[in-house]
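Source file: input_23.csv. Holds: CSV, C-alpha atoms.
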```
chain,number,residue,atom,x,y,z
A,7,MET,CA,318.9,85.8,21.6
A,8,GLU,CA,317.8,87.0,25.1
A,9,ALA,CA,320.6,89.7,25.2
A,10,LEU,CA,319.6,90.9,21.7
A,11,ALA,CA,315.9,90.9,22.7
A,12,GLN,CA,316.8,93.1,25.7
A,13,VAL,CA,318.7,95.6,23.5
A,14,LEU,CA,315.7,95.7,21.1
A,15,SER,CA,313.2,96.3,23.9
A,16,CYS,CA,311.6,99.7,24.7
A,17,PRO,CA,312.7,101.1,28.1
A,18,VAL,CA,309.1,102.2,28.8
A,19,CYS,CA,306.9,99.2,27.9
A,20,LEU,CA,309.8,96.7,28.3
A,21,GLU,CA,308.5,94.9,25.2
A,22,LEU,CA,310.1,94.6,21.8
A,23,PHE,CA,310.0,97.9,19.9
A,24,THR,CA,306.8,98.6,18.1
A,25,PRO,CA,307.6,100.6,14.9
A,26,PRO,CA,308.0,103.4,14.4
A,27,VAL,CA,311.0,103.6,16.6
A,28,LEU,CA,312.0,107.2,17.4
A,29,LEU,CA,315.6,108.3,18.3
A,30,LEU,CA,316.1,111.1,20.8
A,31,SER,CA,319.0,113.5,20.7
A,32,CYS,CA,320.4,111.6,23.8
A,33,THR,CA,320.6,108.5,21.5
A,34,HIS,CA,317.9,106.6,23.4
A,35,ASN,CA,315.2,104.8,21.4
A,36,PHE,CA,311.5,104.5,22.2
A,37,CYS,CA,308.3,103.3,20.6
A,38,LYS,CA,306.3,106.3,19.3
A,39,LYS,CA,303.2,105.1,21.2
A,40,CYS,CA,305.3,105.0,24.4
A,41,LEU,CA,306.6,108.6,23.9
A,42,ASP,CA,303.0,109.7,23.4
A,43,GLU,CA,302.2,108.4,26.9
A,44,VAL,CA,305.4,110.1,28.3
A,45,LEU,CA,304.3,113.5,26.8
A,46,ILE,CA,300.9,113.1,28.4
A,47,HIS,CA,302.4,112.1,31.7
A,48,GLN,CA,304.7,115.1,31.6
A,49,ASN,CA,301.9,117.5,30.5
A,50,CYS,CA,303.7,118.3,27.3
A,51,THR,CA,300.8,119.0,24.9
A,52,HIS,CA,302.2,121.8,22.7
A,53,ILE,CA,304.2,121.1,19.5
A,54,ASN,CA,306.9,123.5,20.8
A,55,GLY,CA,307.0,121.8,24.2
A,56,GLN,CA,309.7,119.9,25.8
A,57,PHE,CA,310.0,116.8,27.9
A,58,SER,CA,312.6,114.8,29.7
A,59,CYS,CA,314.1,111.5,28.4
A,60,PRO,CA,312.7,108.7,30.6
A,61,MET,CA,316.2,107.1,30.7
A,62,CYS,CA,318.7,110.0,31.2
A,63,ARG,CA,316.4,112.9,32.0
A,64,LYS,CA,317.9,115.0,29.3
A,65,VAL,CA,315.5,117.8,28.1
A,66,ILE,CA,314.3,117.2,24.6
A,67,HIS,CA,312.8,120.1,22.6
A,68,LEU,CA,310.1,119.3,20.0
A,69,ARG,CA,310.8,122.4,17.9
A,70,GLY,CA,307.3,123.0,16.5
A,71,ARG,CA,306.7,119.6,14.9
A,72,GLY,CA,305.8,117.5,17.9
A,73,LEU,CA,306.9,113.8,17.8
A,74,THR,CA,306.8,113.8,14.0
A,75,GLY,CA,309.9,116.0,14.0
A,76,LEU,CA,311.9,113.3,15.8
A,77,PRO,CA,314.0,111.0,13.5
A,78,ARG,CA,313.1,107.4,13.1
A,79,ASN,CA,315.8,104.8,13.8
A,80,THR,CA,315.4,102.7,10.7
A,81,LEU,CA,318.5,100.7,11.5
A,82,VAL,CA,316.9,99.4,14.7
A,83,GLU,CA,313.6,98.8,12.9
A,84,SER,CA,315.5,96.7,10.3
A,85,ILE,CA,317.3,94.7,12.9
A,86,LEU,CA,314.0,94.2,14.8
A,87,GLU,CA,312.3,92.8,11.7
A,88,LYS,CA,315.1,90.3,11.1
A,89,PHE,CA,315.2,89.4,14.8
A,90,LYS,CA,311.4,88.7,14.8
A,91,TYR,CA,311.9,86.6,11.6
A,92,GLU,CA,314.7,84.5,13.3
A,93,LEU,CA,312.6,84.2,16.4
A,94,GLU,CA,309.7,82.7,14.5
A,95,ASN,CA,312.1,80.3,12.7
A,96,LEU,CA,313.5,79.3,16.1
A,97,HIS,CA,310.1,78.7,17.5
A,98,SER,CA,309.1,76.7,14.4
A,99,ARG,CA,312.2,74.5,14.8
A,100,GLU,CA,311.5,73.9,18.4
A,101,GLN,CA,307.9,72.9,17.7
A,102,ASN,CA,309.1,70.6,14.9
A,103,HIS,CA,311.5,69.0,17.3
A,104,LEU,CA,308.9,68.6,20.1
A,105,SER,CA,306.5,67.0,17.7
A,106,GLN,CA,309.0,64.1,17.3
A,107,ILE,CA,309.4,63.6,21.0
A,108,CYS,CA,307.5,60.9,22.8
A,109,LYS,CA,305.3,62.6,25.4
A,110,GLU,CA,305.5,59.6,27.8
A,111,HIS,CA,309.2,59.0,27.8
A,112,GLY,CA,310.8,62.1,26.3
A,113,GLU,CA,312.7,60.2,23.6
A,114,ILE,CA,312.7,60.7,19.8
A,115,MET,CA,310.0,58.6,18.1
A,116,ASN,CA,312.1,56.7,15.5
A,117,LEU,CA,309.8,53.6,15.2
A,118,LEU,CA,306.3,53.1,13.9
A,119,CYS,CA,304.0,50.6,15.6
A,120,LEU,CA,302.5,48.6,12.8
A,121,THR,CA,299.8,47.2,15.0
A,122,GLU,CA,298.4,50.6,16.0
A,123,ASP,CA,299.9,52.5,13.1
A,124,LYS,CA,301.4,55.3,15.3
A,125,PRO,CA,304.9,56.6,15.9
A,126,VAL,CA,306.6,55.3,19.1
A,127,CYS,CA,310.0,55.6,20.8
A,128,ALA,CA,312.4,52.8,21.6
A,129,ILE,CA,311.4,52.7,25.2
A,130,CYS,CA,307.7,52.3,24.2
A,131,LYS,CA,308.8,49.2,22.3
A,132,LEU,CA,311.1,47.7,24.9
A,133,PHE,CA,309.2,48.4,28.1
A,134,GLY,CA,306.0,50.2,27.2
A,135,ASP,CA,302.5,49.4,25.8
A,136,HIS,CA,303.9,48.4,22.4
A,137,GLU,CA,306.3,45.7,23.7
A,138,SER,CA,304.4,42.9,22.0
A,139,HIS,CA,303.6,44.9,18.8
A,140,SER,CA,305.3,44.7,15.5
A,141,VAL,CA,307.4,47.8,14.6
A,142,ALA,CA,309.4,49.2,11.8
A,143,LYS,CA,311.9,52.0,11.3
A,144,ILE,CA,310.0,55.2,10.8
A,145,SER,CA,312.4,56.3,8.0
A,146,ASN,CA,311.5,53.2,6.0
A,147,VAL,CA,307.8,53.5,6.5
A,148,TYR,CA,308.0,57.2,5.7
A,149,ALA,CA,309.8,56.6,2.4
A,150,GLU,CA,307.4,53.8,1.4
A,151,ARG,CA,304.2,55.8,2.3
A,152,LYS,CA,305.5,58.9,0.7
A,153,SER,CA,306.1,57.0,-2.5
A,154,ARG,CA,302.6,55.6,-2.3
A,155,LEU,CA,301.1,59.0,-1.7
A,156,VAL,CA,302.9,60.3,-4.8
A,157,LYS,CA,301.2,57.6,-6.9
A,158,ASP,CA,297.9,58.3,-5.2
A,159,LEU,CA,298.4,61.9,-6.0
A,160,ASP,CA,298.7,61.2,-9.7
A,161,TRP,CA,295.6,59.0,-9.6
A,162,MET,CA,293.7,61.6,-7.6
A,163,PHE,CA,294.7,64.3,-10.1
A,164,GLN,CA,293.3,62.3,-13.0
A,165,GLN,CA,290.1,61.7,-10.9
A,166,SER,CA,290.0,65.4,-10.2
A,167,GLN,CA,290.2,66.3,-13.9
A,168,CYS,CA,287.5,63.8,-14.8
A,169,ALA,CA,285.4,65.0,-11.9
A,170,GLU,CA,285.6,68.6,-13.1
A,171,GLN,CA,284.4,67.7,-16.5
A,172,ALA,CA,281.6,65.5,-15.1
A,173,LYS,CA,280.7,68.4,-12.8
A,174,LYS,CA,280.3,70.7,-15.8
A,175,ASP,CA,278.1,68.1,-17.5
A,176,ILE,CA,276.0,67.9,-14.3
A,177,GLU,CA,275.7,71.6,-14.2
A,178,GLU,CA,274.5,71.7,-17.8
A,179,LYS,CA,272.0,69.0,-17.0
A,180,MET,CA,270.8,71.0,-14.0
A,181,ASP,CA,270.3,74.1,-16.3
A,182,ASP,CA,268.5,71.9,-18.8
A,183,LEU,CA,266.4,70.5,-16.0
A,184,THR,CA,265.5,74.0,-14.8
A,185,ASN,CA,264.6,75.1,-18.4
A,186,THR,CA,262.6,72.0,-19.0
A,187,ILE,CA,260.4,72.5,-16.0
A,188,ALA,CA,259.3,75.9,-17.4
A,189,ASP,CA,258.3,74.3,-20.6
A,190,VAL,CA,256.4,71.5,-18.8
A,191,LYS,CA,254.6,74.0,-16.7
A,192,ALA,CA,253.7,76.1,-19.7
A,193,MET,CA,252.4,73.0,-21.5
A,194,ILE,CA,250.3,71.9,-18.5
A,195,ASP,CA,248.8,75.4,-18.1
A,196,GLY,CA,248.1,75.8,-21.8
A,197,VAL,CA,246.6,72.4,-22.5
A,198,GLY,CA,244.9,72.1,-19.1
A,199,ALA,CA,243.1,75.5,-19.6
A,200,SER,CA,241.3,73.9,-22.6
A,201,LEU,CA,240.0,71.0,-20.6
A,202,LEU,CA,236.8,70.7,-18.5
A,203,LYS,CA,236.8,71.4,-14.8
A,204,GLY,CA,236.6,67.7,-14.3
A,205,ILE,CA,240.3,67.3,-15.0
A,206,GLN,CA,241.5,70.4,-13.0
A,207,TRP,CA,242.4,68.1,-10.1
A,208,ARG,CA,244.6,66.2,-12.5
A,209,MET,CA,246.5,69.4,-13.4
A,210,SER,CA,247.1,70.1,-9.7
A,211,GLU,CA,248.2,66.5,-9.2
A,212,LEU,CA,250.6,66.7,-12.1
A,213,LYS,CA,252.1,69.9,-10.9
A,214,ALA,CA,252.7,68.5,-7.5
A,215,LYS,CA,254.2,65.4,-9.0
A,216,LEU,CA,256.4,67.6,-11.3
A,217,GLY,CA,257.6,69.6,-8.3
A,218,LYS,CA,258.5,66.4,-6.4
A,219,ASP,CA,260.1,64.9,-9.5
A,220,TYR,CA,262.1,68.1,-10.1
A,221,SER,CA,263.1,68.4,-6.5
A,222,ALA,CA,264.2,64.7,-6.3
A,223,LYS,CA,266.1,64.8,-9.5
A,224,LEU,CA,267.7,68.1,-8.8
A,225,GLU,CA,268.6,66.9,-5.4
A,226,LYS,CA,270.2,63.8,-6.8
A,227,LEU,CA,272.2,65.9,-9.4
A,228,GLN,CA,273.3,68.3,-6.6
A,229,LEU,CA,274.4,65.3,-4.5
A,230,VAL,CA,276.4,63.9,-7.4
A,231,ALA,CA,277.9,67.4,-8.1
A,232,ASN,CA,278.9,67.7,-4.4
A,233,GLU,CA,280.5,64.2,-4.6
A,234,LEU,CA,282.4,65.2,-7.6
A,235,GLN,CA,284.1,68.0,-5.6
A,236,VAL,CA,285.6,65.4,-3.2
A,237,PRO,CA,288.5,64.3,-5.5
A,238,SER,CA,289.5,68.0,-6.0
A,239,HIS,CA,289.6,68.7,-2.3
A,240,LEU,CA,291.5,65.5,-1.6
A,241,HIS,CA,294.0,66.2,-4.3
A,242,HIS,CA,294.6,69.7,-2.9
A,243,GLN,CA,295.1,68.2,0.7
A,244,MET,CA,297.4,65.5,-0.6
A,245,LYS,CA,299.5,68.0,-2.6
A,246,THR,CA,299.7,70.4,0.3
A,247,LEU,CA,300.8,67.6,2.7
A,248,LEU,CA,303.4,66.4,0.2
A,249,GLU,CA,304.9,69.8,-0.3
A,250,LYS,CA,304.6,71.4,3.1
A,251,HIS,CA,304.9,68.6,5.8
A,252,SER,CA,307.3,69.5,8.5
A,253,ASN,CA,308.6,66.1,9.5
A,254,ALA,CA,308.0,62.4,9.1
A,255,VAL,CA,305.9,62.0,12.2
A,256,CYS,CA,303.4,64.7,11.2
A,257,PHE,CA,303.4,63.4,7.7
A,258,LEU,CA,302.5,59.8,8.8
A,259,GLN,CA,299.8,61.1,11.1
A,260,GLU,CA,298.2,63.2,8.3
A,261,VAL,CA,298.6,60.4,5.7
A,262,LYS,CA,296.7,58.1,8.0
A,263,LEU,CA,293.7,60.4,8.0
A,264,LEU,CA,294.0,61.0,4.3
A,265,ARG,CA,294.1,57.2,3.6
A,266,SER,CA,290.6,56.7,5.0
A,267,LYS,CA,289.2,59.5,2.9
A,268,ILE,CA,290.9,58.1,-0.2
A,269,GLU,CA,289.5,54.7,0.4
A,270,LYS,CA,286.0,56.1,0.8
A,271,CYS,CA,286.5,58.1,-2.4
A,272,ILE,CA,287.5,54.9,-4.2
A,273,GLU,CA,284.6,53.0,-2.8
A,274,ARG,CA,282.0,55.6,-3.8
A,275,ASN,CA,283.6,56.7,-7.1
A,276,PRO,CA,281.1,59.5,-8.0
A,277,LEU,CA,282.1,59.3,-11.6
A,278,GLN,CA,280.1,56.1,-11.9
A,279,GLU,CA,276.9,57.7,-10.7
A,280,ASP,CA,274.1,57.2,-13.3
A,281,THR,CA,272.4,60.5,-14.1
A,282,LYS,CA,270.7,59.5,-17.4
A,283,TYR,CA,267.4,59.1,-15.6
A,284,CYS,CA,267.5,62.6,-14.1
A,285,ASN,CA,265.5,64.1,-17.0
A,286,ILE,CA,261.9,65.2,-17.1
A,287,SER,CA,259.8,64.1,-20.1
A,288,VAL,CA,257.4,66.7,-21.4
A,289,SER,CA,255.7,64.2,-23.6
A,290,GLN,CA,255.1,61.8,-20.6
A,291,TYR,CA,253.5,64.5,-18.6
A,292,PHE,CA,251.3,65.5,-21.6
A,293,LYS,CA,250.2,61.9,-22.0
A,294,ASP,CA,249.3,61.7,-18.3
A,295,LEU,CA,247.4,64.9,-18.5
A,296,ILE,CA,245.0,63.8,-21.3
A,297,ARG,CA,245.0,60.1,-20.4
A,298,GLY,CA,241.5,58.6,-20.7
A,299,ILE,CA,240.1,61.6,-22.6
A,300,HIS,CA,238.7,61.6,-26.1
A,301,ILE,CA,239.0,65.1,-27.5
A,302,THR,CA,236.6,66.2,-30.3
A,303,HIS,CA,237.5,69.9,-30.2
A,304,TYR,CA,240.9,71.1,-29.0
A,305,VAL,CA,242.3,74.6,-29.7
A,306,SER,CA,240.4,77.8,-30.4
A,307,SER,CA,242.5,80.1,-32.6
A,308,ASP,CA,242.6,81.9,-35.9
A,309,SER,CA,246.0,80.8,-37.5
A,310,GLU,CA,249.2,82.2,-36.0
A,311,GLU,CA,248.0,85.8,-35.8
A,312,ILE,CA,246.0,85.2,-32.7
A,313,ILE,CA,249.1,83.7,-31.1
A,314,ALA,CA,251.0,87.0,-31.8
A,315,SER,CA,248.1,89.1,-30.5
A,316,SER,CA,247.5,87.2,-27.3
A,317,ASN,CA,248.8,88.6,-24.0
A,318,GLU,CA,249.2,85.2,-22.4
A,319,PRO,CA,249.9,81.8,-24.0
A,320,SER,CA,247.0,80.3,-22.1
A,321,GLU,CA,244.5,82.5,-24.0
A,322,VAL,CA,245.4,80.7,-27.2
A,323,PHE,CA,244.4,77.3,-25.8
A,324,ARG,CA,241.0,78.4,-24.4
A,325,PRO,CA,238.2,77.0,-26.7
A,326,TYR,CA,234.9,78.7,-27.2
A,327,TYR,CA,232.7,75.6,-26.9
A,328,PRO,CA,234.8,72.7,-25.6
A,329,ALA,CA,233.4,69.2,-26.1
A,330,PHE,CA,235.2,66.5,-24.2
A,331,SER,CA,234.0,62.9,-23.7
A,332,PHE,CA,235.8,60.6,-21.3
A,333,SER,CA,236.8,57.0,-22.2
A,334,ASP,CA,239.3,54.4,-21.0
A,335,GLU,CA,241.5,54.7,-24.1
A,336,ILE,CA,245.0,56.2,-24.2
A,337,SER,CA,245.3,59.1,-26.6
A,338,ASN,CA,246.8,58.3,-30.0
A,339,GLU,CA,250.6,58.6,-30.0
A,340,SER,CA,250.6,60.5,-33.3
A,341,PHE,CA,248.0,62.9,-31.9
A,342,CYS,CA,250.1,63.6,-28.8
A,343,GLN,CA,253.1,64.3,-31.0
A,344,LYS,CA,251.3,66.7,-33.2
A,345,VAL,CA,249.8,68.6,-30.2
A,346,LEU,CA,253.2,68.9,-28.7
A,347,GLU,CA,254.6,70.3,-31.9
A,348,PHE,CA,251.8,72.8,-32.1
A,349,PHE,CA,252.4,73.8,-28.5
A,350,GLN,CA,256.1,74.3,-29.1
A,351,LYS,CA,255.5,76.2,-32.3
A,352,SER,CA,253.1,78.5,-30.4
A,353,ASN,CA,255.6,79.2,-27.7
A,354,LYS,CA,258.3,80.1,-30.3
A,355,VAL,CA,255.9,82.5,-32.1
A,356,MET,CA,255.1,84.1,-28.7
A,357,GLU,CA,258.8,84.7,-28.1
A,358,ASP,CA,259.6,86.0,-31.6
A,359,ILE,CA,256.7,88.5,-32.0
A,360,THR,CA,256.6,91.4,-29.6
A,361,GLN,CA,253.8,93.4,-31.1
A,362,LYS,CA,250.2,92.4,-31.5
A,363,VAL,CA,248.9,91.8,-35.0
A,364,PRO,CA,245.6,93.6,-35.5
A,365,SER,CA,242.7,91.8,-37.1
A,366,SER,CA,241.3,92.7,-40.5
A,367,ASP,CA,238.4,94.7,-39.1
A,368,GLY,CA,240.8,96.8,-36.9
A,369,THR,CA,239.2,95.8,-33.6
A,370,GLY,CA,241.8,93.3,-32.6
A,371,ALA,CA,239.1,90.5,-32.5
A,372,THR,CA,239.7,87.3,-34.3
A,373,ASN,CA,237.5,84.6,-35.9
A,374,GLY,CA,237.5,81.3,-34.0
A,375,THR,CA,239.2,78.3,-35.4
A,376,HIS,CA,238.8,74.9,-33.7
A,377,PHE,CA,241.3,72.0,-34.1
A,378,SER,CA,239.4,68.7,-33.7
A,379,LEU,CA,240.3,65.1,-34.2
A,380,ASP,CA,238.9,63.5,-37.2
A,381,THR,CA,236.3,61.0,-36.1
A,382,GLU,CA,237.7,58.4,-38.4
A,383,SER,CA,241.3,58.8,-37.4
A,384,SER,CA,242.4,60.1,-34.0
A,385,SER,CA,245.9,60.8,-35.4
A,386,ARG,CA,244.9,63.9,-37.3
A,387,LEU,CA,244.1,67.5,-36.2
A,388,LYS,CA,241.5,69.1,-38.4
A,389,PRO,CA,240.8,72.9,-38.4
A,390,THR,CA,237.1,73.9,-38.5
A,391,TYR,CA,235.8,77.5,-38.9
A,392,GLU,CA,232.7,79.1,-37.5
```

As structure tokens, please, write out the structure in this file.
Amino acid sequence: MEALAQVLSCPVCLELFTPPVLLLSCTHNFCKKCLDEVLIHQNCTHINGQFSCPMCRKVIHLRGRGLTGLPRNTLVESILEKFKYELENLHSREQNHLSQICKEHGEIMNLLCLTEDKPVCAICKLFGDHESHSVAKISNVYAERKSRLVKDLDWMFQQSQCAEQAKKDIEEKMDDLTNTIADVKAMIDGVGASLLKGIQWRMSELKAKLGKDYSAKLEKLQLVANELQVPSHLHHQMKTLLEKHSNAVCFLQEVKLLRSKIEKCIERNPLQEDTKYCNISVSQYFKDLIRGIHITHYVSSDSEEIIASSNEPSEVFRPYYPAFSFSDEISNESFCQKVLEFFQKSNKVMEDITQKVPSSDGTGATNGTHFSLDTESSSRLKPTYE
């Protein structure tokens, strides 16, 4: 190999040829970059110039094309490419061999210390630090652990498949959570704008709570999503190790690291994470918003036309003469449901209608309609006209 490397070396830089390799008429080969330096050194700057071969001093004429007119030695380049390939393989085999040699005694490590779970040589067992430790043939342990890794690989593949599906479900929940927070904010703004200034602090409090609730639940879902990526990563590492390990020693060393990761994955098992409580309830926030308030007049609107003609949803829920009285009672469940349905219906109309609907007098103004609770039954919304 050394003799061949010398033949494939440039006489100028004394290194292996760097393609393109140019062949002079005197049959000597040089790197193109080295010939560029030779031309500069010999003050040959014209394309019709001439220079002397650094090896035999024969005069070489460029003939009007400079160095681009000199032929390339493709045979040498082909041999050089194969030589570099073989050189890399030789280096890889040497490294593979050295990785199986005991650094302390220079012997091949053909035993595995079961006490410390590390490869050792025979001298380490007979006279070294592992004399009192239990050992086994590294070939037997290699076969057994490789077989176990194959089984773990199958299990991890199944976990990875389940994790991918669970991750998709988590992402859908995250999207739903993001969409829900917009609806909740719209409900809080719309309903809260119709309440007295006395409950404005409650609106701010609920928004802050909503932000924390959203952040906490989104963070939990993100953590679960990240945990669900662990089986896929471990599966890829295990598969790569199984297919591309260079020797038994390296394999056992890598398997030892993977085992701890696999055990942690088995202990945590992200697929068992409960995410059913990671939702935000619009109705619960609405109940908290109007808790302790008895509403006698609610929405000021003139049917659905004012909804279509409003620039902002909050304008629909702004009453002309609000009348609120506070009490310790919780708002009627049926009333809450009807208000939510009205709020959702208003939002849908706002999305569907893009043009304002003019009023009957052509001015764009609308007559006021107030939805109020029936004094005899707090479960009904009753429209009144002024």

* To do: Find the residue from A:Phe257, A:Phe133, A:Tyr91, A:Tyr283 that sits nearest to A:Glu110; use only C-alpha atoms when measuring.
  =>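 When distances to A:Glu110 are compared using only C-alpha atoms, the smallest one comes from A:Phe133.
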
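Minimum atom-to-atom distances from A:Asp123, A:Glu260, A:Glu211, A:Glu177 to A:Ala231 were compared using only C-alpha atoms, and the lowest value belongs to A:Glu177.
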
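Separating atom CA of A:Ser31 from atom CA of A:Lys64 is a distance of 8.8 Å.
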
* With a distance cut-off of 12 Å and all atoms listed in the file, select the neighbouring residues of A:Phe36, excluding the residue or stretch itself and same-chain residues fewer than 4 positions from it, and output the selection as an MDAnalysis selection string. => chainID A and resid 13:32 40:44 59:61 73 76:79 82:83

* Asked: Do you have the atom CA of A:Leu81-atom CA of A:Leu45 distance handy?
  ->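 Between atom CA of A:Leu81 and atom CA of A:Leu45 the gap works out to 24.5 Å.
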
Incomplete stretch 144-152 of chain A filled out to all heavy atoms as a PDB file, in the frame of the given file:
```pdb
ATOM      1  N   ILE A 144     310.875  54.192  11.320  1.00  0.00           N
ATOM      2  CA  ILE A 144     310.000  55.200  10.800  1.00  0.00           C
ATOM      3  C   ILE A 144     310.477  55.802   9.491  1.00  0.00           C
ATOM      4  O   ILE A 144     309.690  56.226   8.644  1.00  0.00           O
ATOM      5  CB  ILE A 144     309.805  56.342  11.878  1.00  0.00           C
ATOM      6  CG1 ILE A 144     308.482  57.071  11.652  1.00  0.00           C
ATOM      7  CG2 ILE A 144     310.950  57.324  11.861  1.00  0.00           C
ATOM      8  CD1 ILE A 144     308.080  57.970  12.797  1.00  0.00           C
ATOM      9  N   SER A 145     311.800  55.788   9.290  1.00  0.00           N
ATOM     10  CA  SER A 145     312.400  56.300   8.000  1.00  0.00           C
ATOM     11  C   SER A 145     311.956  55.433   6.857  1.00  0.00           C
ATOM     12  O   SER A 145     311.661  55.933   5.766  1.00  0.00           O
ATOM     13  CB  SER A 145     313.881  56.399   8.138  1.00  0.00           C
ATOM     14  OG  SER A 145     314.434  55.127   8.444  1.00  0.00           O
ATOM     15  N   ASN A 146     311.931  54.087   7.069  1.00  0.00           N
ATOM     16  CA  ASN A 146     311.500  53.200   6.000  1.00  0.00           C
ATOM     17  C   ASN A 146     310.068  53.325   5.646  1.00  0.00           C
ATOM     18  O   ASN A 146     309.683  53.369   4.472  1.00  0.00           O
ATOM     19  CB  ASN A 146     311.849  51.739   6.385  1.00  0.00           C
ATOM     20  CG  ASN A 146     313.336  51.490   6.565  1.00  0.00           C
ATOM     21  OD1 ASN A 146     314.169  52.230   6.027  1.00  0.00           O
ATOM     22  ND2 ASN A 146     313.698  50.464   7.323  1.00  0.00           N
ATOM     23  N   VAL A 147     309.237  53.387   6.687  1.00  0.00           N
ATOM     24  CA  VAL A 147     307.800  53.500   6.500  1.00  0.00           C
ATOM     25  C   VAL A 147     307.502  54.881   5.818  1.00  0.00           C
ATOM     26  O   VAL A 147     306.640  54.999   4.945  1.00  0.00           O
ATOM     27  CB  VAL A 147     307.038  53.379   7.783  1.00  0.00           C
ATOM     28  CG1 VAL A 147     305.535  53.538   7.556  1.00  0.00           C
ATOM     29  CG2 VAL A 147     307.325  52.028   8.419  1.00  0.00           C
ATOM     30  N   TYR A 148     308.230  55.902   6.239  1.00  0.00           N
ATOM     31  CA  TYR A 148     308.000  57.200   5.700  1.00  0.00           C
ATOM     32  C   TYR A 148     308.329  57.246   4.181  1.00  0.00           C
ATOM     33  O   TYR A 148     307.548  57.788   3.378  1.00  0.00           O
ATOM     34  CB  TYR A 148     308.973  58.216   6.402  1.00  0.00           C
ATOM     35  CG  TYR A 148     309.108  59.569   5.734  1.00  0.00           C
ATOM     36  CD1 TYR A 148     308.061  60.483   5.754  1.00  0.00           C
ATOM     37  CD2 TYR A 148     310.284  59.938   5.091  1.00  0.00           C
ATOM     38  CE1 TYR A 148     308.181  61.717   5.145  1.00  0.00           C
ATOM     39  CE2 TYR A 148     310.413  61.170   4.478  1.00  0.00           C
ATOM     40  CZ  TYR A 148     309.359  62.051   4.512  1.00  0.00           C
ATOM     41  OH  TYR A 148     309.484  63.267   3.913  1.00  0.00           O
ATOM     42  N   ALA A 149     309.440  56.615   3.783  1.00  0.00           N
ATOM     43  CA  ALA A 149     309.800  56.600   2.400  1.00  0.00           C
ATOM     44  C   ALA A 149     308.758  55.792   1.559  1.00  0.00           C
ATOM     45  O   ALA A 149     308.352  56.211   0.464  1.00  0.00           O
ATOM     46  CB  ALA A 149     311.182  55.951   2.190  1.00  0.00           C
ATOM     47  N   GLU A 150     308.308  54.651   2.138  1.00  0.00           N
ATOM     48  CA  GLU A 150     307.400  53.800   1.400  1.00  0.00           C
ATOM     49  C   GLU A 150     306.008  54.504   1.257  1.00  0.00           C
ATOM     50  O   GLU A 150     305.412  54.524   0.177  1.00  0.00           O
ATOM     51  CB  GLU A 150     307.199  52.492   2.163  1.00  0.00           C
ATOM     52  CG  GLU A 150     306.327  51.446   1.442  1.00  0.00           C
ATOM     53  CD  GLU A 150     304.854  51.594   1.810  1.00  0.00           C
ATOM     54  OE1 GLU A 150     304.573  52.024   2.938  1.00  0.00           O
ATOM     55  OE2 GLU A 150     303.993  51.303   0.944  1.00  0.00           O
ATOM     56  N   ARG A 151     305.536  55.132   2.333  1.00  0.00           N
ATOM     57  CA  ARG A 151     304.200  55.800   2.300  1.00  0.00           C
ATOM     58  C   ARG A 151     304.256  57.074   1.483  1.00  0.00           C
ATOM     59  O   ARG A 151     303.267  57.465   0.878  1.00  0.00           O
ATOM     60  CB  ARG A 151     303.700  56.008   3.692  1.00  0.00           C
ATOM     61  CG  ARG A 151     303.416  54.700   4.425  1.00  0.00           C
ATOM     62  CD  ARG A 151     302.651  54.914   5.695  1.00  0.00           C
ATOM     63  NE  ARG A 151     302.417  53.654   6.379  1.00  0.00           N
ATOM     64  CZ  ARG A 151     301.777  53.530   7.535  1.00  0.00           C
ATOM     65  NH1 ARG A 151     301.310  54.627   8.139  1.00  0.00           N
ATOM     66  NH2 ARG A 151     301.605  52.350   8.099  1.00  0.00           N
ATOM     67  N   LYS A 152     305.387  57.733   1.505  1.00  0.00           N
ATOM     68  CA  LYS A 152     305.500  58.900   0.700  1.00  0.00           C
ATOM     69  C   LYS A 152     305.457  58.575  -0.788  1.00  0.00           C
ATOM     70  O   LYS A 152     304.812  59.269  -1.590  1.00  0.00           O
ATOM     71  CB  LYS A 152     306.814  59.648   1.022  1.00  0.00           C
ATOM     72  CG  LYS A 152     306.996  60.961   0.288  1.00  0.00           C
ATOM     73  CD  LYS A 152     308.270  61.668   0.708  1.00  0.00           C
ATOM     74  CE  LYS A 152     308.437  62.984  -0.047  1.00  0.00           C
ATOM     75  NZ  LYS A 152     309.676  63.684   0.342  1.00  0.00           N
TER      76      LYS A 152
END
```
